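To start, the structure under review is shown below, and the notes come after it.
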Amino acid sequence: MTVTSSLDYDFVYRLKYLKWFPIYGRLEGKVTVDIDNCIAFVERELSPKRFKHSLGVMQIMEELASVYALDKTTAIMCGILHDAAKEFPLDRQLEMAGKNNISLSMEYDSYPLFLHGPVGACYIAEELGITDPMLLDAISHHSYFDNGVTVSPRLCWCLRFADILEPSRDWQDIKMQLKPLVYSGKVKEAAYEMMKWAIPFHESMLLPVHPNMHRVFQKLSVLMDEKTLDGIDSIPV
Ligand SMILES: [Fe+2]
Ligand SMILES: [Fe+2]
């Protein structure tokens with residue numbers, strides 16, 4: 001199944017472009033680096049375990065590109081680069097947030113578990129010259145950071161799904177539940193089930209739960225009750 005729908009990219013992009021001007025300023029157009037460079041970059045930046053995870057996310061993103069009508073190169077790059085800043089120490093993440101005017105509007109925003117998304121987007125823009133706002137935005141939002149306005153909700157959700165489904169993850173129950181939904185294009189149901197699992201999972205691991213996770217889950221719960229969704233790109237992020 002291939003999912004298609006129209007999206008007012010101009011509207012979303014204008015909002016994001018203005019808000020994130022320090023990050024995306026002068027950045028327009030497409031990815032300018034090749035995938036081999038990205039893989040080598042990530043291998044240098046990350047531990048072997050997280051590098052393997054990133055390769056796995058890249059693999060799933062390639063598969064999801066055809067299901068969700070994504071640009072294949074963008075999807076693959078998102079997968080390999082999504083955790084580029086995940087292993088930065090807190091002080092480095094906070095320093096980059098300050099340098100790039102990333103707004104830390106609540107305490108949770110300063111936790112590396114959430115902050116590594118936007119910091120990673122800034123980092124790959126700086127280090128690799130990546131300029132694709134859709135790619136940068138998906139990476140920025142994959143960690144539930146920010147207010148839910150994103151260039152491509154479908155790309156962001158695919159990245160979140162791939163983050164769970166990649167082969168080296170040992171979460172068989174949620175993977176078995178999620179995989180058929182994700183691969184059949186049932187994005188609303190998949191996102192709902194993923195959040196229904198993720199929040200108690202974080203709590204059980206004594207990990208913080210960002211208020212945005214609750215916000216997204218509540219919105220998805222309403223959508224599930226209403227049994228409606230105005231296109232895949234209307235899904236809450
Ligand atoms: Fe991440
Ligand atoms: Fe990840």
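Identifiers for the structure tokens are assigned positionally: chains receive A, B, ... in sequence, residues are indexed from 1 per chain, and ligands are indexed from 1 in the order shown.
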> Residues at most 6 Å from Met58 of chain A, counting only C-alpha atoms, excluding those fewer than 2 positions away in the same chain, as an MDAnalysis selection string?
Replying inline: chainID A and resid 55:56 60:61 76 79:80
Save the residues we just selected, N, CA and C atoms, as a PDB file, in the first residue's frame?
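part.pdb written:
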```pdb
ATOM      1  N   LEU A  55      22.044   2.181  11.410  1.00  0.00           N
ATOM      2  CA  LEU A  55      21.979   1.427  10.146  1.00  0.00           C
ATOM      3  C   LEU A  55      20.635   0.707  10.027  1.00  0.00           C
ATOM      4  N   GLY A  56      20.171   0.169  11.152  1.00  0.00           N
ATOM      5  CA  GLY A  56      18.877  -0.522  11.150  1.00  0.00           C
ATOM      6  C   GLY A  56      17.732   0.432  10.851  1.00  0.00           C
ATOM      7  N   ILE A  60      15.021   0.316   7.635  1.00  0.00           N
ATOM      8  CA  ILE A  60      13.553   0.375   7.721  1.00  0.00           C
ATOM      9  C   ILE A  60      13.022   1.598   6.972  1.00  0.00           C
ATOM     10  N   MET A  61      13.738   2.705   7.057  1.00  0.00           N
ATOM     11  CA  MET A  61      13.291   3.908   6.342  1.00  0.00           C
ATOM     12  C   MET A  61      13.280   3.679   4.830  1.00  0.00           C
ATOM     13  N   ILE A  76      16.301   7.596   3.687  1.00  0.00           N
ATOM     14  CA  ILE A  76      17.518   6.891   4.090  1.00  0.00           C
ATOM     15  C   ILE A  76      18.427   7.795   4.922  1.00  0.00           C
ATOM     16  N   GLY A  79      17.170   8.234   8.381  1.00  0.00           N
ATOM     17  CA  GLY A  79      17.428   7.059   9.206  1.00  0.00           C
ATOM     18  C   GLY A  79      18.858   7.018   9.728  1.00  0.00           C
ATOM     19  N   ILE A  80      19.808   7.202   8.865  1.00  0.00           N
ATOM     20  CA  ILE A  80      21.208   7.045   9.293  1.00  0.00           C
ATOM     21  C   ILE A  80      21.634   8.203  10.197  1.00  0.00           C
TER      22      ILE A  80
END
```
Residues within 12 Å of ligand 1 (only C-alpha atoms and all ligand atoms), as a compact mmCIF listing (two decimals) with C-alpha atoms, in the first residue's frame?
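Saved file result_13.txt follows:
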```
# COMPACT_ATOMS: atom_id res chain seq x y z
CA ARG A 50 24.23 3.08 18.25
CA PHE A 51 25.84 2.98 14.82
CA HIS A 53 20.94 0.98 15.49
CA SER A 54 21.26 3.83 13.00
CA VAL A 57 16.74 2.62 11.16
CA CYS A 78 16.94 10.58 7.96
CA GLY A 79 17.43 7.06 9.21
CA ILE A 80 21.21 7.05 9.29
CA LEU A 81 21.56 10.57 10.72
CA HIS A 82 18.66 10.77 13.18
CA ASP A 83 20.71 10.13 16.33
CA ALA A 84 23.84 12.08 15.31
CA ALA A 85 23.83 14.04 18.59
CA LYS A 86 22.42 11.31 20.82
CA GLU A 87 25.72 10.67 22.56
CA PHE A 88 26.69 14.28 23.09
CA PRO A 112 19.11 14.87 26.28
CA LEU A 113 16.44 12.26 25.57
CA PHE A 114 14.40 14.99 23.86
CA LEU A 115 17.00 17.65 23.05
CA HIS A 116 19.17 15.36 20.90
CA GLY A 117 16.64 15.70 18.05
CA PRO A 118 16.92 19.45 17.38
CA VAL A 119 20.59 19.52 18.35
CA GLY A 120 21.28 16.66 15.92
CA ALA A 121 19.50 18.55 13.14
CA ALA A 138 11.94 15.19 10.91
CA ILE A 139 15.15 14.63 12.85
CA SER A 140 14.43 17.62 15.03
CA HIS A 141 10.95 16.31 15.91
CA HIS A 142 11.61 12.59 16.20
CA SER A 143 12.43 13.06 19.90
CA TYR A 144 9.05 14.74 20.65
CA PHE A 145 10.64 18.16 20.87
CA CYS A 156 8.61 12.28 11.12
CA LEU A 159 11.31 7.91 11.50
CA ARG A 160 9.68 7.24 14.87
CA PHE A 161 8.33 3.91 13.62
CA ALA A 162 11.70 2.93 12.16
CA ASP A 163 13.36 3.87 15.45
CA ILE A 164 11.29 1.14 17.13
```
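Among the candidate residues A:Asn212, A:Ser204, A:Asn101, A:Ser168, the one lying nearest to ligand 2 is A:Ser168, with distances computed using only C-alpha atoms and all ligand atoms.
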>> Which residues are near Tyr192 of chain A? Cut-off 12 Å, only C-alpha atoms, ignore same chain within fewer than 3 positions. Put them as a VMD selection string.
In response: chain A and resid 157 161 174 177 to 178 181 to 182 186 to 189 195 to 199 213 to 225 235 to 237
